[in-house]
$ cat query39.txt   # compact mmCIF, C-alpha atoms and all ligand atoms
# COMPACT_ATOMS: atom_id res chain seq x y z
CA MET L 1 91.04 55.10 96.88
CA ASN L 2 89.94 58.35 95.32
CA GLN L 3 92.83 60.73 95.78
CA GLN L 4 91.80 64.31 96.41
CA ILE L 5 93.94 67.19 95.25
CA SER L 6 94.35 69.67 98.06
CA PRO L 7 94.95 73.36 97.38
CA SER L 8 98.58 72.96 98.46
CA THR L 9 99.07 70.04 96.06
CA LEU L 10 97.50 72.05 93.29
CA GLY L 11 99.72 75.00 94.12
CA HIS L 12 102.74 72.73 93.83
CA PHE L 13 101.68 71.53 90.41
CA LEU L 14 100.93 75.03 89.19
CA THR L 15 104.35 76.30 90.11
CA THR L 16 106.39 73.27 89.00
CA PRO L 17 105.49 70.98 86.11
CA PHE L 18 102.59 73.04 84.74
CA GLY L 19 104.42 76.30 85.39
CA ALA L 20 107.29 75.09 83.28
CA LEU L 21 104.94 74.80 80.32
CA LEU L 22 103.85 78.42 80.53
CA PRO L 23 105.62 80.93 78.28
CA ALA L 24 108.44 82.80 79.98
CA THR L 25 107.43 86.14 81.47
CA PRO L 26 109.02 88.96 79.43
CA SER L 27 111.90 90.72 81.17
CA PRO L 28 111.02 94.06 82.81
CA LEU L 29 112.86 95.90 80.03
CA ALA L 30 111.04 93.97 77.29
CA THR L 31 107.71 94.54 79.05
CA ALA L 32 108.37 98.28 79.26
CA GLN L 33 109.27 98.41 75.55
CA ILE L 34 106.16 96.47 74.53
CA ALA L 35 103.95 98.59 76.82
CA GLN L 36 105.40 101.76 75.29
CA GLN L 37 104.85 100.49 71.74
CA LEU L 38 101.30 99.47 72.52
CA ARG L 39 100.51 102.75 74.27
CA ALA L 40 101.85 104.74 71.31
CA ALA L 41 99.83 102.63 68.87
CA LEU L 42 96.66 103.03 70.95
CA MET L 43 97.16 106.77 71.43
CA ASN L 44 97.64 107.23 67.68
CA LEU L 45 94.56 105.31 66.64
CA HIS L 46 92.88 107.38 64.01
CA PRO L 47 89.28 108.27 64.80
CA LEU L 48 88.22 107.44 61.22
CA THR L 49 90.39 104.47 60.32
CA GLY L 50 90.88 103.00 63.77
CA PRO L 51 88.31 101.05 65.75
CA ASP L 52 85.11 102.89 66.48
CA PHE L 53 84.90 103.56 70.20
CA SER L 54 81.90 105.85 69.86
CA ALA L 55 79.45 103.09 70.81
CA LEU L 56 81.14 103.03 74.23
CA HIS L 57 80.33 106.69 74.81
CA SER L 58 76.80 106.87 73.57
CA GLY L 59 75.39 109.31 76.07
CA PRO L 60 76.00 111.30 79.22
CA VAL L 61 76.59 109.28 82.37
CA ALA L 62 76.21 110.41 85.95
CA MET L 63 79.31 110.38 88.10
CA PRO L 64 79.14 107.44 90.55
CA ILE L 65 79.10 108.56 94.18
CA GLU L 66 82.43 106.81 94.81
CA LEU L 67 84.25 109.16 92.45
CA ASN L 68 85.20 112.83 92.22
CA ASP L 69 86.01 114.99 89.21
CA VAL L 70 89.77 115.54 89.09
CA ARG L 71 89.24 119.16 87.98
CA GLU L 72 87.64 119.80 91.37
CA CYS L 73 89.66 117.60 93.70
CA ALA L 74 93.03 118.37 92.05
CA PRO L 75 92.55 121.72 90.28
CA ASN L 76 96.32 122.22 90.08
CA VAL L 77 96.56 119.37 87.54
CA VAL L 78 96.45 120.06 83.78
CA VAL L 79 93.88 118.02 81.84
CA LEU L 80 95.42 116.66 78.62
CA PRO L 81 93.45 115.70 75.49
CA ALA L 82 91.46 112.50 75.88
CA PRO L 83 92.99 109.27 74.58
CA PRO L 84 91.05 107.90 71.57
CA TRP L 85 89.24 105.25 73.63
CA SER L 86 88.18 107.57 76.49
CA ALA L 87 84.80 109.06 77.11
CA ALA L 88 85.06 112.82 77.64
CA GLU L 89 83.78 112.87 81.23
CA PRO L 90 84.34 109.53 82.96
CA ARG L 91 88.07 109.60 82.28
CA LEU L 92 88.26 112.66 84.58
CA TRP L 93 86.83 110.78 87.55
CA VAL L 94 89.01 109.40 90.35
CA ARG L 95 88.55 108.09 93.86
CA PRO L 96 88.69 110.98 96.36
CA GLU L 97 91.70 109.48 98.13
CA VAL L 98 93.52 109.23 94.78
CA GLY L 99 92.59 112.78 93.76
CA GLU L 100 93.82 114.14 97.08
CA ARG L 101 97.20 112.45 96.63
CA LEU L 102 97.45 113.77 93.10
CA ARG L 103 96.68 117.30 94.31
CA ARG L 104 99.37 117.04 96.98
CA ALA L 105 101.96 115.76 94.49
CA ALA L 106 101.17 118.57 92.03
CA HIS L 107 101.48 121.11 94.85
CA ALA L 108 104.94 119.78 95.75
CA LEU L 109 106.37 120.31 92.24
CA PRO L 110 108.53 123.32 91.36
CA SER L 111 106.58 126.04 89.56
CA ASN L 112 108.03 125.15 86.13
CA LEU L 113 106.62 121.61 86.23
CA LYS L 114 103.00 120.49 86.15
CA ILE L 115 101.18 117.19 86.25
CA GLY L 116 99.29 116.36 83.05
CA PHE L 117 96.29 114.08 83.35
CA TRP L 118 95.07 111.70 80.63
CA GLU L 119 92.79 109.28 82.35
CA GLY L 120 91.51 108.05 85.69
CA PHE L 121 88.31 106.02 85.69
CA ARG L 122 87.83 103.68 82.75
CA PRO L 123 84.49 101.84 82.55
CA LEU L 124 84.87 98.07 82.31
CA VAL L 125 83.36 98.10 78.82
CA THR L 126 86.19 100.38 77.69
CA GLN L 127 88.77 98.18 79.41
CA GLN L 128 87.30 95.23 77.48
CA ALA L 129 87.56 97.18 74.20
CA LEU L 130 91.21 98.01 74.92
CA TRP L 131 91.95 94.38 75.70
CA ASN L 132 90.31 93.29 72.44
CA ILE L 133 92.22 95.76 70.34
CA GLY L 134 95.43 94.86 72.18
CA LEU L 135 94.96 91.28 70.97
CA VAL L 136 94.87 92.63 67.41
CA LEU L 137 97.69 95.18 67.72
CA LEU L 138 100.20 93.16 69.70
CA PRO L 139 100.97 90.55 67.00
CA ILE L 140 101.54 93.43 64.55
CA LEU L 141 103.91 95.20 66.93
CA GLN L 142 105.64 92.01 68.06
CA PRO L 143 105.50 89.65 65.07
CA GLY L 144 107.63 87.02 66.81
CA LEU L 145 105.08 86.36 69.55
CA ARG L 146 103.61 82.89 69.62
CA ARG L 147 99.85 82.56 69.85
CA ASP L 148 100.09 81.07 73.35
CA GLU L 149 102.23 84.01 74.49
CA LEU L 150 99.86 86.69 73.30
CA GLU L 151 97.50 87.09 76.27
CA TRP L 152 100.36 86.44 78.65
CA VAL L 153 102.33 89.39 77.26
CA LEU L 154 99.28 91.61 76.74
CA GLU L 155 98.36 91.24 80.39
CA SER L 156 101.63 92.90 81.36
CA CYS L 157 100.56 96.03 79.42
CA VAL L 158 96.73 96.09 79.53
CA ALA L 159 94.84 94.91 82.60
CA ARG L 160 92.41 92.10 81.96
CA PRO L 161 88.89 93.51 82.06
CA ASN L 162 88.03 91.94 85.40
CA ALA L 163 87.39 92.86 89.03
CA THR L 164 90.95 93.98 89.71
CA ALA L 165 91.43 96.30 86.71
CA GLU L 166 92.76 99.40 88.49
CA HIS L 167 91.30 102.00 86.13
CA SER L 168 87.85 100.42 86.36
CA THR L 169 87.88 100.62 90.14
CA GLY L 170 88.92 104.30 90.09
CA TYR L 171 92.30 103.69 91.72
CA ALA L 172 94.57 104.33 88.72
CA LEU L 173 95.83 107.40 86.92
CA ASP L 174 97.58 107.84 83.59
CA ILE L 175 99.61 111.01 84.02
CA ALA L 176 102.77 112.75 82.82
CA VAL L 177 105.08 115.57 83.81
CA LEU L 178 104.70 118.76 81.75
CA ASP L 179 106.93 121.78 81.19
CA GLU L 180 105.79 125.41 81.55
CA SER L 181 104.11 125.33 78.15
CA HIS L 182 102.23 122.17 79.12
CA GLN L 183 104.21 119.92 76.79
CA VAL L 184 104.59 116.31 77.94
CA LEU L 185 108.19 115.57 78.94
CA ASP L 186 109.24 112.09 77.91
CA PRO L 187 111.25 110.40 80.67
CA ARG L 188 113.19 108.45 78.06
CA ASP L 189 114.94 111.49 76.65
CA ALA L 190 117.57 113.62 78.32
CA ARG L 191 115.31 116.66 78.78
CA GLY L 192 112.58 114.68 80.46
CA GLN L 193 114.68 112.53 82.75
CA LEU L 194 115.31 115.02 85.53
CA ALA L 195 111.75 116.36 85.42
CA HIS L 196 110.41 112.83 85.59
CA ARG L 197 112.56 112.05 88.62
CA ILE L 198 111.16 115.11 90.45
CA PHE L 199 107.61 114.18 89.37
CA SER L 200 108.07 110.55 90.49
CA ARG L 201 109.45 111.60 93.86
CA ALA L 202 106.48 113.92 94.49
CA LEU L 203 103.97 111.23 93.55
CA THR L 204 105.71 108.57 95.63
CA ARG L 205 105.85 110.89 98.65
CA ALA L 206 102.13 111.52 98.23
CA GLY L 207 101.54 107.76 98.48
CA LEU L 208 101.04 106.85 94.83
CA ILE L 209 102.71 103.82 93.28
CA ASN L 210 104.11 103.54 89.76
CA TYR L 211 103.78 100.43 87.61
CA ALA L 212 107.42 99.97 86.59
CA ALA L 213 106.67 98.96 82.99
CA GLU L 214 104.56 102.09 82.35
CA TRP L 215 105.97 105.45 83.42
CA TRP L 216 102.50 107.02 82.97
CA HIS L 217 100.53 104.58 85.16
CA TRP L 218 100.18 105.39 88.87
CA SER L 219 97.79 104.04 91.43
CA TYR L 220 96.76 104.09 95.03
CA PRO L 221 95.60 100.53 95.49
CA PRO L 222 93.62 99.67 98.60
CA ALA L 223 94.53 96.68 100.77
CA PRO L 224 93.79 93.46 98.85
CA ASP L 225 91.08 92.30 101.27
CA THR L 226 89.17 95.54 100.81
CA TYR L 227 89.55 95.60 97.05
CA ALA L 228 86.61 97.34 95.44
CA ALA L 229 84.70 95.94 92.50
CA PRO L 230 84.66 97.84 89.21
CA ILE L 231 82.36 100.83 89.36
CA SER L 232 79.53 100.85 86.87
CA ALA L 233 79.01 104.04 84.94
ZN ZN L 301 96.96 103.19 83.31
$ encode --input "query39.txt" --output "structure tokens" --more "lines below"
Ligand SMILES: [Zn+2]
Amino acid sequence: MNQQISPSTLGHFLTTPFGALLPATPSPLATAQIAQQLRAALMNLHPLTGPDFSALHSGPVAMPIELNDVRECAPNVVVLPAPPWSAAEPRLWVRPEVGERLRRAAHALPSNLKIGFWEGFRPLVTQQALWNIGLVLLPILQPGLRRDELEWVLESCVARPNATAEHSTGYALDIAVLDESHQVLDPRDARGQLAHRIFSRALTRAGLINYAAEWWHWSYPPAPDTYAAPISA
């Protein structure tokens, strides 16, 4: 008799014998450290010696109707310099419901703290470029990683360029808390810790959710069954 594998049988195999063969998921602390290293490496990519992202930003693009410009929907937020991979305009676009929450959170902060904004919308082609460069950078940053662990670990820091990539659906924000002179406060040092707690509380109260491994990454994800596809721009 031809034995069929039902979804439940398959699920069993995926979580037991096959699952045991998969590399161990990094601990939350290790993931946060790797994400921080990778972010720093990506942010410091030199425009001349680093990868050339200019082909991704070859011309002006119209803002998709699903998105708003953060400078209009959250004018109380400070726009920070663009990360090396970002196009000048599209990174300022967010879903209206995300922008509204960001505006509310910024409004709730004491006057000596501001929200700094790096990036909202990230076209899928840019997400793909980040994924590709992550595959090159990660073995340099983490020389002990086995080949079969690479994508597994990278996925905890850079979303796969697919339908659920939060930046490419307009639901994610990379943001930071700033002092009065608009300097980014690092939550890992003593000066930034308190400010970051106040910032996090305001964002959480406004309905935004932080990705624990990345202090800068916040989102307002829709219900899974209404998940939007990446927006083309
Ligand atoms: Zn992000």
$ atom_distance --input "query39.txt" --atom1 "CA of Thr126 in chain L" --atom2 "CA of Ser86 in chain L"
7.6 Å
$ residues_near_ligand --input "query39.txt" --ligand "ligand ZN 301 (chain L)" --cutoff "8 Å" --atoms "only C-alpha atoms and all ligand atoms" --output "VMD selection string"
chain L and resid 119 to 120 166 to 167 172 to 174 214 216 to 218
$ closest_residue --input "query39.txt" --among "L:His107, L:Arg160, L:Arg147, L:Arg71" --to "Leu130 in chain L" --atoms "all atoms listed in the file"
L:Arg160
$ closest_residue --input "query39.txt" --among "L:Val77, L:Val94, L:Leu137, L:Ala195" --to "Pro64 in chain L" --atoms "only C-alpha atoms"
L:Val94
$ closest_residue --input "query39.txt" --among "L:Ala190, L:Ile231, L:Leu145, L:Ala106" --to "Ala163 in chain L" --atoms "only C-alpha atoms"
L:Ile231
$ closest_residue --input "query39.txt" --among "L:Val136, L:Leu113, L:Val153, L:Ala87" --to "Val177 in chain L" --atoms "all atoms listed in the file"
L:Leu113
$ atom_distance --input "query39.txt" --atom1 "CA of Ser181 in chain L" --atom2 "CA of Ala88 in chain L"
22.8 Å
$ axis_aligned_box --input "query39.txt" --around "range 153-170 of chain L" --padding-each-side "4 Å" --output "lines of an AutoDock Vina configuration file"
center_x = 94.9
center_y = 96.8
center_z = 83.4
size_x = 22.9
size_y = 22.9
size_z = 21.4
